[in-house]
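Chemist: Supplied structure: query-v1.csv, CSV, N, CA and C atoms.
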```csv
chain,number,residue,atom,x,y,z
A,1,MET,N,-90.9,-240.4,136.8
A,1,MET,CA,-90.2,-240.6,138.1
A,1,MET,C,-90.2,-239.4,138.9
A,2,ASN,N,-90.7,-239.4,140.1
A,2,ASN,CA,-90.7,-238.3,141.0
A,2,ASN,C,-89.6,-238.4,142.0
A,3,LYS,N,-89.5,-237.3,142.8
A,3,LYS,CA,-88.5,-237.3,143.9
A,3,LYS,C,-88.8,-238.4,144.8
A,4,ARG,N,-87.8,-239.0,145.4
A,4,ARG,CA,-87.9,-240.1,146.3
A,4,ARG,C,-88.0,-239.7,147.7
A,5,ASP,N,-88.5,-240.5,148.6
A,5,ASP,CA,-88.5,-240.2,150.0
A,5,ASP,C,-87.1,-240.1,150.6
A,6,ASP,N,-86.2,-240.9,150.0
A,6,ASP,CA,-84.8,-240.9,150.6
A,6,ASP,C,-83.9,-240.0,149.7
A,7,THR,N,-84.4,-238.9,149.3
A,7,THR,CA,-83.6,-237.9,148.5
A,7,THR,C,-82.4,-237.4,149.2
A,8,LEU,N,-81.3,-237.4,148.5
A,8,LEU,CA,-80.0,-236.9,149.1
A,8,LEU,C,-80.1,-235.4,149.1
A,9,GLN,N,-79.9,-234.7,150.2
A,9,GLN,CA,-80.0,-233.3,150.4
A,9,GLN,C,-78.6,-232.7,150.5
A,10,PHE,N,-78.4,-231.6,149.7
A,10,PHE,CA,-77.1,-230.9,149.8
A,10,PHE,C,-77.4,-229.4,149.8
A,11,GLU,N,-76.7,-228.7,150.7
A,11,GLU,CA,-76.8,-227.2,150.8
A,11,GLU,C,-75.9,-226.5,149.8
A,12,ARG,N,-75.0,-227.3,149.2
A,12,ARG,CA,-74.0,-226.7,148.3
A,12,ARG,C,-74.2,-227.3,146.9
A,13,PRO,N,-73.5,-226.7,145.9
A,13,PRO,CA,-73.7,-227.2,144.5
A,13,PRO,C,-73.2,-228.6,144.4
A,14,VAL,N,-73.8,-229.3,143.4
A,14,VAL,CA,-73.5,-230.7,143.2
A,14,VAL,C,-72.9,-230.8,141.8
A,15,ILE,N,-71.8,-231.5,141.6
A,15,ILE,CA,-71.3,-231.9,140.3
A,15,ILE,C,-71.8,-233.3,140.0
A,16,LEU,N,-72.6,-233.4,138.9
A,16,LEU,CA,-73.0,-234.7,138.4
A,16,LEU,C,-72.0,-235.1,137.3
A,17,VAL,N,-71.5,-236.3,137.4
A,17,VAL,CA,-70.5,-236.8,136.5
A,17,VAL,C,-71.1,-238.0,135.7
A,18,GLY,N,-71.1,-237.9,134.4
A,18,GLY,CA,-71.5,-239.0,133.5
A,18,GLY,C,-70.3,-239.6,132.9
A,19,PRO,N,-70.5,-240.6,132.1
A,19,PRO,CA,-69.4,-241.4,131.5
A,19,PRO,C,-68.7,-240.9,130.3
A,20,ALA,N,-69.3,-239.8,129.7
A,20,ALA,CA,-68.7,-239.2,128.5
A,20,ALA,C,-67.5,-238.3,128.8
A,21,ASP,N,-66.7,-238.0,127.8
A,21,ASP,CA,-65.6,-237.1,128.0
A,21,ASP,C,-65.9,-235.8,128.6
A,22,PHE,N,-65.1,-235.3,129.4
A,22,PHE,CA,-65.2,-233.9,130.0
A,22,PHE,C,-63.8,-233.4,130.2
A,23,ASP,N,-63.7,-232.1,130.4
A,23,ASP,CA,-62.5,-231.4,130.7
A,23,ASP,C,-62.0,-231.7,132.1
A,24,ASN,N,-61.0,-232.5,132.3
A,24,ASN,CA,-60.5,-232.9,133.6
A,24,ASN,C,-60.0,-231.7,134.4
A,25,ASP,N,-59.3,-230.7,133.7
A,25,ASP,CA,-58.8,-229.5,134.4
A,25,ASP,C,-60.0,-228.7,135.0
A,26,LEU,N,-61.1,-228.6,134.2
A,26,LEU,CA,-62.2,-227.9,134.7
A,26,LEU,C,-62.9,-228.6,135.9
A,27,PHE,N,-63.0,-229.9,135.8
A,27,PHE,CA,-63.5,-230.8,136.8
A,27,PHE,C,-62.7,-230.6,138.1
A,28,GLN,N,-61.4,-230.6,138.0
A,28,GLN,CA,-60.5,-230.5,139.2
A,28,GLN,C,-60.7,-229.1,139.9
A,29,LYS,N,-60.8,-228.1,139.0
A,29,LYS,CA,-61.1,-226.7,139.5
A,29,LYS,C,-62.4,-226.7,140.3
A,30,LEU,N,-63.4,-227.2,139.7
A,30,LEU,CA,-64.7,-227.2,140.4
A,30,LEU,C,-64.7,-228.0,141.7
A,31,ALA,N,-64.1,-229.2,141.6
A,31,ALA,CA,-64.0,-230.1,142.8
A,31,ALA,C,-63.3,-229.4,143.9
A,32,GLY,N,-62.4,-228.5,143.6
A,32,GLY,CA,-61.6,-227.8,144.6
A,32,GLY,C,-62.4,-226.9,145.4
A,33,HIS,N,-63.7,-226.6,145.0
A,33,HIS,CA,-64.6,-225.8,145.8
A,33,HIS,C,-65.4,-226.5,146.8
A,34,ASN,N,-65.1,-227.8,147.0
A,34,ASN,CA,-65.8,-228.6,148.0
A,34,ASN,C,-67.2,-228.8,147.6
A,35,TYR,N,-67.6,-228.9,146.3
A,35,TYR,CA,-68.9,-229.2,145.9
A,35,TYR,C,-69.1,-230.7,146.1
A,36,ALA,N,-70.4,-231.1,146.3
A,36,ALA,CA,-70.7,-232.6,146.4
A,36,ALA,C,-70.5,-233.1,145.0
A,37,ILE,N,-70.0,-234.4,144.9
A,37,ILE,CA,-69.8,-235.1,143.7
A,37,ILE,C,-70.6,-236.3,143.6
A,38,ILE,N,-71.5,-236.4,142.6
A,38,ILE,CA,-72.4,-237.5,142.4
A,38,ILE,C,-72.1,-238.1,141.0
A,39,ALA,N,-71.8,-239.4,141.0
A,39,ALA,CA,-71.6,-240.1,139.7
A,39,ALA,C,-72.9,-240.8,139.2
A,40,ALA,N,-73.2,-240.6,138.0
A,40,ALA,CA,-74.3,-241.3,137.3
A,40,ALA,C,-73.7,-242.6,136.7
A,41,ASP,N,-73.9,-243.7,137.4
A,41,ASP,CA,-73.5,-245.1,137.0
A,41,ASP,C,-72.1,-245.1,136.4
A,42,GLY,N,-71.9,-245.1,135.1
A,42,GLY,CA,-70.5,-245.2,134.5
A,42,GLY,C,-69.7,-244.0,134.7
A,43,GLY,N,-70.2,-242.9,135.2
A,43,GLY,CA,-69.4,-241.8,135.5
A,43,GLY,C,-68.5,-242.1,136.7
A,44,ALA,N,-68.9,-243.1,137.5
A,44,ALA,CA,-68.0,-243.5,138.6
A,44,ALA,C,-66.7,-244.1,138.1
A,45,ASN,N,-66.8,-244.7,137.0
A,45,ASN,CA,-65.5,-245.3,136.4
A,45,ASN,C,-64.5,-244.2,136.1
A,46,ARG,N,-65.1,-243.0,135.5
A,46,ARG,CA,-64.2,-241.9,135.2
A,46,ARG,C,-63.6,-241.3,136.5
A,47,LEU,N,-64.4,-241.2,137.6
A,47,LEU,CA,-63.9,-240.7,138.8
A,47,LEU,C,-62.9,-241.7,139.4
A,48,TYR,N,-63.1,-243.0,139.3
A,48,TYR,CA,-62.2,-244.0,139.8
A,48,TYR,C,-60.8,-243.8,139.2
A,49,ASP,N,-60.8,-243.5,137.8
A,49,ASP,CA,-59.6,-243.3,137.1
A,49,ASP,C,-58.9,-242.1,137.5
A,50,LEU,N,-59.6,-241.1,138.0
A,50,LEU,CA,-59.1,-239.8,138.5
A,50,LEU,C,-58.7,-239.9,140.0
A,51,ASN,N,-59.0,-241.0,140.6
A,51,ASN,CA,-58.7,-241.2,142.0
A,51,ASN,C,-59.6,-240.4,142.9
A,52,ILE,N,-60.9,-240.2,142.5
A,52,ILE,CA,-61.8,-239.4,143.2
A,52,ILE,C,-62.9,-240.3,143.7
A,53,MET,N,-63.3,-240.2,145.0
A,53,MET,CA,-64.4,-240.9,145.6
A,53,MET,C,-65.6,-240.0,145.6
A,54,PRO,N,-66.7,-240.4,144.9
A,54,PRO,CA,-67.9,-239.5,144.9
A,54,PRO,C,-68.6,-239.7,146.2
A,55,ASP,N,-69.5,-238.7,146.5
A,55,ASP,CA,-70.4,-238.8,147.6
A,55,ASP,C,-71.4,-239.9,147.4
A,56,ALA,N,-71.8,-240.1,146.1
A,56,ALA,CA,-72.8,-241.1,145.8
A,56,ALA,C,-72.6,-241.5,144.4
A,57,ILE,N,-73.1,-242.8,144.1
A,57,ILE,CA,-73.2,-243.3,142.7
A,57,ILE,C,-74.7,-243.7,142.6
A,58,ILE,N,-75.3,-243.2,141.5
A,58,ILE,CA,-76.7,-243.4,141.3
A,58,ILE,C,-76.9,-244.0,139.9
A,59,GLY,N,-77.8,-245.0,139.8
A,59,GLY,CA,-78.2,-245.5,138.5
A,59,GLY,C,-78.6,-246.9,138.5
A,60,ASP,N,-78.7,-247.5,137.3
A,60,ASP,CA,-79.0,-248.9,137.2
A,60,ASP,C,-77.8,-249.8,137.4
A,61,LEU,N,-76.6,-249.2,137.5
A,61,LEU,CA,-75.3,-249.8,137.8
A,61,LEU,C,-74.9,-250.8,136.8
A,62,ASP,N,-75.4,-250.7,135.5
A,62,ASP,CA,-75.1,-251.7,134.5
A,62,ASP,C,-73.7,-251.4,133.9
A,63,SER,N,-73.1,-250.2,134.2
A,63,SER,CA,-71.8,-249.9,133.6
A,63,SER,C,-70.8,-249.7,134.7
A,64,LEU,N,-71.2,-249.8,136.0
A,64,LEU,CA,-70.2,-249.6,137.1
A,64,LEU,C,-69.2,-250.7,137.2
A,65,LYS,N,-67.9,-250.4,137.1
A,65,LYS,CA,-66.9,-251.3,137.4
A,65,LYS,C,-66.3,-251.1,138.7
A,66,ASN,N,-65.6,-252.0,139.3
A,66,ASN,CA,-64.9,-251.8,140.6
A,66,ASN,C,-65.8,-251.3,141.7
A,67,ARG,N,-67.0,-251.8,141.8
A,67,ARG,CA,-68.0,-251.4,142.8
A,67,ARG,C,-67.4,-251.5,144.2
A,68,ASP,N,-66.6,-252.5,144.4
A,68,ASP,CA,-66.1,-252.7,145.8
A,68,ASP,C,-64.9,-251.8,146.1
A,69,SER,N,-64.4,-251.1,145.1
A,69,SER,CA,-63.3,-250.2,145.3
A,69,SER,C,-63.7,-248.8,145.9
A,70,PHE,N,-65.0,-248.5,145.9
A,70,PHE,CA,-65.5,-247.3,146.5
A,70,PHE,C,-65.7,-247.5,147.9
A,71,GLY,N,-65.3,-246.5,148.7
A,71,GLY,CA,-65.4,-246.6,150.2
A,71,GLY,C,-66.8,-246.6,150.7
A,72,THR,N,-66.9,-246.8,152.0
A,72,THR,CA,-68.1,-246.8,152.7
A,72,THR,C,-68.7,-245.4,152.8
A,73,ASP,N,-67.9,-244.4,152.5
A,73,ASP,CA,-68.5,-243.0,152.5
A,73,ASP,C,-69.2,-242.7,151.2
A,74,THR,N,-69.1,-243.6,150.2
A,74,THR,CA,-69.8,-243.4,149.0
A,74,THR,C,-71.1,-244.1,149.0
A,75,LYS,N,-72.2,-243.4,149.0
A,75,LYS,CA,-73.6,-244.0,149.0
A,75,LYS,C,-73.9,-244.5,147.6
A,76,ILE,N,-74.3,-245.8,147.5
A,76,ILE,CA,-74.7,-246.4,146.2
A,76,ILE,C,-76.2,-246.6,146.2
A,77,ILE,N,-76.8,-245.9,145.2
A,77,ILE,CA,-78.3,-246.0,145.1
A,77,ILE,C,-78.6,-246.7,143.7
A,78,HIS,N,-79.1,-247.9,143.8
A,78,HIS,CA,-79.4,-248.7,142.7
A,78,HIS,C,-80.9,-248.7,142.3
A,79,PHE,N,-81.1,-248.4,141.0
A,79,PHE,CA,-82.5,-248.4,140.5
A,79,PHE,C,-82.6,-249.5,139.5
A,80,GLN,N,-83.6,-250.3,139.6
A,80,GLN,CA,-83.8,-251.4,138.7
A,80,GLN,C,-84.5,-251.0,137.4
A,81,GLU,N,-85.3,-249.9,137.4
A,81,GLU,CA,-86.1,-249.6,136.3
A,81,GLU,C,-85.2,-249.0,135.1
A,82,GLN,N,-85.8,-249.2,133.9
A,82,GLN,CA,-85.1,-248.8,132.7
A,82,GLN,C,-85.8,-247.7,131.9
A,83,GLN,N,-86.8,-247.0,132.6
A,83,GLN,CA,-87.6,-246.0,131.9
A,83,GLN,C,-86.9,-244.7,131.9
A,84,THR,N,-86.0,-244.5,132.7
A,84,THR,CA,-85.3,-243.2,132.8
A,84,THR,C,-83.8,-243.4,132.6
A,85,THR,N,-83.1,-242.3,132.3
A,85,THR,CA,-81.6,-242.4,132.1
A,85,THR,C,-81.0,-242.3,133.5
A,86,ASP,N,-79.7,-242.6,133.6
A,86,ASP,CA,-79.0,-242.4,134.9
A,86,ASP,C,-79.0,-241.0,135.3
A,87,PHE,N,-78.9,-240.1,134.3
A,87,PHE,CA,-78.9,-238.7,134.6
A,87,PHE,C,-80.2,-238.2,135.2
A,88,GLU,N,-81.3,-238.7,134.7
A,88,GLU,CA,-82.6,-238.4,135.3
A,88,GLU,C,-82.7,-239.0,136.7
A,89,LYS,N,-82.2,-240.2,136.9
A,89,LYS,CA,-82.3,-240.8,138.2
A,89,LYS,C,-81.6,-240.0,139.2
A,90,CYS,N,-80.4,-239.4,138.8
A,90,CYS,CA,-79.7,-238.5,139.7
A,90,CYS,C,-80.5,-237.3,140.1
A,91,LEU,N,-81.0,-236.6,139.1
A,91,LEU,CA,-81.8,-235.4,139.3
A,91,LEU,C,-83.0,-235.7,140.2
A,92,ASN,N,-83.6,-236.9,140.1
A,92,ASN,CA,-84.8,-237.2,140.9
A,92,ASN,C,-84.5,-237.7,142.3
A,93,CYS,N,-83.2,-237.9,142.6
A,93,CYS,CA,-83.0,-238.4,144.0
A,93,CYS,C,-81.9,-237.5,144.7
A,94,VAL,N,-81.6,-236.3,144.1
A,94,VAL,CA,-80.7,-235.4,144.7
A,94,VAL,C,-81.3,-234.0,144.7
A,95,ASP,N,-81.3,-233.4,145.9
A,95,ASP,CA,-81.8,-232.0,146.0
A,95,ASP,C,-80.6,-231.1,146.3
A,96,ALA,N,-80.4,-230.1,145.5
A,96,ALA,CA,-79.3,-229.2,145.7
A,96,ALA,C,-79.7,-227.9,145.1
A,97,PRO,N,-79.0,-226.8,145.5
A,97,PRO,CA,-79.3,-225.5,145.0
A,97,PRO,C,-78.9,-225.3,143.5
A,98,ILE,N,-77.9,-226.1,143.0
A,98,ILE,CA,-77.5,-226.0,141.6
A,98,ILE,C,-76.8,-227.3,141.2
A,99,PHE,N,-76.9,-227.7,140.0
A,99,PHE,CA,-76.2,-228.9,139.5
A,99,PHE,C,-75.3,-228.4,138.4
A,100,LEU,N,-74.1,-228.9,138.4
A,100,LEU,CA,-73.1,-228.8,137.3
A,100,LEU,C,-72.9,-230.2,136.7
A,101,ALA,N,-73.3,-230.3,135.5
A,101,ALA,CA,-73.3,-231.6,134.8
A,101,ALA,C,-72.1,-231.7,133.9
A,102,MET,N,-71.3,-232.8,134.0
A,102,MET,CA,-70.2,-233.0,133.2
A,102,MET,C,-70.2,-234.5,132.7
A,103,GLY,N,-69.9,-234.7,131.4
A,103,GLY,CA,-69.8,-236.0,130.9
A,103,GLY,C,-71.1,-236.7,130.5
A,104,PHE,N,-72.1,-235.8,130.1
A,104,PHE,CA,-73.4,-236.3,129.7
A,104,PHE,C,-73.7,-236.1,128.2
A,105,THR,N,-72.8,-235.6,127.5
A,105,THR,CA,-73.1,-235.4,126.1
A,105,THR,C,-71.8,-235.8,125.3
A,106,GLY,N,-72.1,-236.2,124.0
A,106,GLY,CA,-71.0,-236.5,123.1
A,106,GLY,C,-70.6,-238.0,122.9
A,107,LYS,N,-70.8,-238.8,123.9
A,107,LYS,CA,-70.4,-240.2,123.8
A,107,LYS,C,-71.3,-241.0,122.9
A,108,ARG,N,-72.6,-240.8,123.2
A,108,ARG,CA,-73.7,-241.5,122.3
A,108,ARG,C,-74.8,-240.5,122.1
A,109,LEU,N,-75.1,-240.3,120.8
A,109,LEU,CA,-76.1,-239.4,120.4
A,109,LEU,C,-77.5,-239.6,121.1
A,110,ASP,N,-77.9,-240.9,121.2
A,110,ASP,CA,-79.2,-241.2,121.8
A,110,ASP,C,-79.2,-240.8,123.3
A,111,HIS,N,-78.0,-241.0,124.0
A,111,HIS,CA,-77.9,-240.6,125.4
A,111,HIS,C,-77.9,-239.1,125.5
A,112,THR,N,-77.2,-238.4,124.6
A,112,THR,CA,-77.1,-237.0,124.6
A,112,THR,C,-78.5,-236.4,124.5
A,113,LEU,N,-79.3,-236.9,123.5
A,113,LEU,CA,-80.6,-236.4,123.2
A,113,LEU,C,-81.5,-236.6,124.4
A,114,ALA,N,-81.4,-237.8,125.0
A,114,ALA,CA,-82.3,-238.1,126.2
A,114,ALA,C,-81.9,-237.2,127.4
A,115,ASN,N,-80.6,-236.9,127.6
A,115,ASN,CA,-80.2,-236.0,128.6
A,115,ASN,C,-80.7,-234.6,128.4
A,116,LEU,N,-80.6,-234.1,127.2
A,116,LEU,CA,-81.1,-232.8,126.8
A,116,LEU,C,-82.6,-232.7,127.0
A,117,HIS,N,-83.3,-233.8,126.7
A,117,HIS,CA,-84.8,-233.8,126.9
A,117,HIS,C,-85.1,-233.8,128.4
A,118,THR,N,-84.3,-234.5,129.2
A,118,THR,CA,-84.5,-234.4,130.6
A,118,THR,C,-84.4,-233.0,131.2
A,119,ILE,N,-83.4,-232.3,130.7
A,119,ILE,CA,-83.2,-230.9,131.1
A,119,ILE,C,-84.5,-230.0,130.8
A,120,THR,N,-85.1,-230.3,129.6
A,120,THR,CA,-86.2,-229.5,129.2
A,120,THR,C,-87.4,-229.8,130.1
A,121,LYS,N,-87.5,-230.9,130.7
A,121,LYS,CA,-88.6,-231.3,131.6
A,121,LYS,C,-88.5,-230.5,132.8
```
Can you turn what I pasted into C-alpha cells?
Modeler:
Amino acid sequence: MNKRDDTLQFERPVILVGPADFDNDLFQKLAGHNYAIIAADGGANRLYDLNIMPDAIIGDLDSLKNRDSFGTDTKIIHFQEQQTTDFEKCLNCVDAPIFLAMGFTGKRLDHTLANLHTITK
C-alpha cells in the first residue's frame, strides 16, 4: 500500500492511537502540546472513553463503536482492504514530521508483531 492522493498533511507531530493499553497520563501530556491526534480504528474507542475527539479515524472500521458520536471535525477514512493493519493504513495516509504511536503493542501478539514489522518497512 502506497501513499494516497488524499493524504492528510500535518506540519506538527501526530499522535497515532491504537486500541491496546497505553499510559493515559503520558497521552494527556503529549496531547497538551497541540499535536494532531489520529485514531487507528478501535483506538477511537479509547479516545471516546477519554472524551477526546481525534482529528481523524483511519482503518477498516470493524472495531469502531459510537461512530456517530464523533463530530464533523473528525475526518473518517474507511479502507475496505484487509491486506494491511490499521496502523499501516494510518502511516500510509498521513504525512507528518514525526509520529508518536500509543496503544499498538501488548493487546494481541499477532497485531504487535505486524505493527513492529510495519515499522521495519
Chemist: When DSSP is applied to the backbone of this structure, which of range 23-118 of chain A are assigned strand (DSSP E)? Write them out as a list of chain:residue names.
Modeler: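 So, restricting range 23-118 of chain A to strand (DSSP E), we get A:Ala36, A:Ile37, A:Ile38, A:Ala39, A:Ala40, A:Ala56, A:Ile57, A:Ile58, A:Gly59, A:Lys75, A:Ile76, A:Ile77, A:His78, A:Val94, A:Asp95, A:Phe99, A:Leu100, A:Ala101, A:Met102.
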Chemist: Quick one, how far is CA of Lys75 in chain A from atom N of Leu8 in chain A?
Modeler: 10.2 Å
Chemist: Which one is closest to Phe79 in chain A: A:Asn92, A:Ala31, A:Lys65, A:Ile98? Count only C-alpha atoms.
Modeler: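 Of A:Asn92, A:Ala31, A:Lys65, A:Ile98, the one nearest Phe79 in chain A, counting only C-alpha atoms, is A:Asn92.
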Chemist: Quick one: distance from atom C of Phe99 in chain A to atom N of Ile58 in chain A in Å, one decimal?
Modeler: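 Taking atom C of Phe99 in chain A as the start and atom N of Ile58 in chain A as the end point, the length is 15.1 Å.
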Chemist: Just give me the gap between atom N of Thr72 in chain A and CA of His33 in chain A in Å, one decimal is fine.
Modeler: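 That distance, rounded to one decimal, is 22.0 Å.
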Chemist: I need the alpha helix (DSSP H) residues of range 3-109 of chain A per DSSP on the backbone, written as a list in words.
Modeler: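 Matching residues, listed in order: Asn24, Asp25, Leu26, Phe27, Gln28, Lys29, Leu30, Ala31, Gly43, Ala44, Asn45, Arg46, Leu47, Tyr48, Asp49, Asp86, Phe87, Glu88, Lys89, Cys90, Leu91, Asn92, Cys93 and Leu109 of chain A.
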Chemist: Generate the output file for the selected residues, N, CA and C atoms, as a short mmCIF file (atom, residue, chain, number, x, y, z; two decimals), keeping the file's coordinate frame.
Modeler:
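Result written to selection-v5.cif:
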```cif
data_model
loop_
_atom_site.label_atom_id
_atom_site.label_comp_id
_atom_site.auth_asym_id
_atom_site.auth_seq_id
_atom_site.Cartn_x
_atom_site.Cartn_y
_atom_site.Cartn_z
N ASN A 24 -61.00 -232.50 132.30
CA ASN A 24 -60.50 -232.90 133.60
C ASN A 24 -60.00 -231.70 134.40
N ASP A 25 -59.30 -230.70 133.70
CA ASP A 25 -58.80 -229.50 134.40
C ASP A 25 -60.00 -228.70 135.00
N LEU A 26 -61.10 -228.60 134.20
CA LEU A 26 -62.20 -227.90 134.70
C LEU A 26 -62.90 -228.60 135.90
N PHE A 27 -63.00 -229.90 135.80
CA PHE A 27 -63.50 -230.80 136.80
C PHE A 27 -62.70 -230.60 138.10
N GLN A 28 -61.40 -230.60 138.00
CA GLN A 28 -60.50 -230.50 139.20
C GLN A 28 -60.70 -229.10 139.90
N LYS A 29 -60.80 -228.10 139.00
CA LYS A 29 -61.10 -226.70 139.50
C LYS A 29 -62.40 -226.70 140.30
N LEU A 30 -63.40 -227.20 139.70
CA LEU A 30 -64.70 -227.20 140.40
C LEU A 30 -64.70 -228.00 141.70
N ALA A 31 -64.10 -229.20 141.60
CA ALA A 31 -64.00 -230.10 142.80
C ALA A 31 -63.30 -229.40 143.90
N GLY A 43 -70.20 -242.90 135.20
CA GLY A 43 -69.40 -241.80 135.50
C GLY A 43 -68.50 -242.10 136.70
N ALA A 44 -68.90 -243.10 137.50
CA ALA A 44 -68.00 -243.50 138.60
C ALA A 44 -66.70 -244.10 138.10
N ASN A 45 -66.80 -244.70 137.00
CA ASN A 45 -65.50 -245.30 136.40
C ASN A 45 -64.50 -244.20 136.10
N ARG A 46 -65.10 -243.00 135.50
CA ARG A 46 -64.20 -241.90 135.20
C ARG A 46 -63.60 -241.30 136.50
N LEU A 47 -64.40 -241.20 137.60
CA LEU A 47 -63.90 -240.70 138.80
C LEU A 47 -62.90 -241.70 139.40
N TYR A 48 -63.10 -243.00 139.30
CA TYR A 48 -62.20 -244.00 139.80
C TYR A 48 -60.80 -243.80 139.20
N ASP A 49 -60.80 -243.50 137.80
CA ASP A 49 -59.60 -243.30 137.10
C ASP A 49 -58.90 -242.10 137.50
N ASP A 86 -79.70 -242.60 133.60
CA ASP A 86 -79.00 -242.40 134.90
C ASP A 86 -79.00 -241.00 135.30
N PHE A 87 -78.90 -240.10 134.30
CA PHE A 87 -78.90 -238.70 134.60
C PHE A 87 -80.20 -238.20 135.20
N GLU A 88 -81.30 -238.70 134.70
CA GLU A 88 -82.60 -238.40 135.30
C GLU A 88 -82.70 -239.00 136.70
N LYS A 89 -82.20 -240.20 136.90
CA LYS A 89 -82.30 -240.80 138.20
C LYS A 89 -81.60 -240.00 139.20
N CYS A 90 -80.40 -239.40 138.80
CA CYS A 90 -79.70 -238.50 139.70
C CYS A 90 -80.50 -237.30 140.10
N LEU A 91 -81.00 -236.60 139.10
CA LEU A 91 -81.80 -235.40 139.30
C LEU A 91 -83.00 -235.70 140.20
N ASN A 92 -83.60 -236.90 140.10
CA ASN A 92 -84.80 -237.20 140.90
C ASN A 92 -84.50 -237.70 142.30
N CYS A 93 -83.20 -237.90 142.60
CA CYS A 93 -83.00 -238.40 144.00
C CYS A 93 -81.90 -237.50 144.70
N LEU A 109 -75.10 -240.30 120.80
CA LEU A 109 -76.10 -239.40 120.40
C LEU A 109 -77.50 -239.60 121.10
#
```
Chemist: List the spatial neighbours of Ala36 in chain A as a list of chain:residue names - criterion: any atom at most 10 Å away, only C-alpha atoms, same-chain residues fewer than 5 positions off excluded.
Modeler: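 My list of contacting residues is A:Phe10, A:Glu11, A:Arg12, A:Pro13, A:Val14, A:Ile15, A:Leu16, A:Ala31, A:Pro54, A:Asp55, A:Ala56, A:Ala96, A:Phe99.
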Chemist: List the spatial neighbours of Gly103 in chain A as a list in words - criterion: any atom at most 6.5 Å away, only N, CA and C atoms, same-chain residues fewer than 2 positions off excluded.
Modeler: Leu16, Val17, Gly18, Pro19, Ala20, Asp21, Phe22, Ala101 and Thr105 of chain A
Chemist: Of the residues A:Ala114, A:Leu109, A:Ile57, A:Leu26, which is the one nearest to Cys93 in chain A, using only C-alpha atoms?
Modeler: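 Nearest candidate to Cys93 in chain A out of A:Ala114, A:Leu109, A:Ile57, A:Leu26: A:Ile57.
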Chemist: Could you list, as a ChimeraX atom specification, every residue within 10 Å of Gln28 in chain A, counting only C-alpha atoms and ignoring same-chain residues fewer than 5 positions away?
Modeler: /A:23,33,50,52
Chemist: Compare A:Gly42, A:Leu30, A:Val94, A:Glu88 by their minimum atom-to-atom distance to Ile119 in chain A, counting all atoms listed in the file, and give me the closest one.
Modeler: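 With all atoms listed in the file as the atom set, the closest residue is A:Glu88.
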Chemist: My list of candidates is A:Ala40, A:Ser69, A:Gly59, A:Met102. Which is closest to Asp25 in chain A when distances are computed with only C-alpha atoms?
Modeler: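 Comparing A:Ala40, A:Ser69, A:Gly59, A:Met102 against Asp25 in chain A, the winner is A:Met102.
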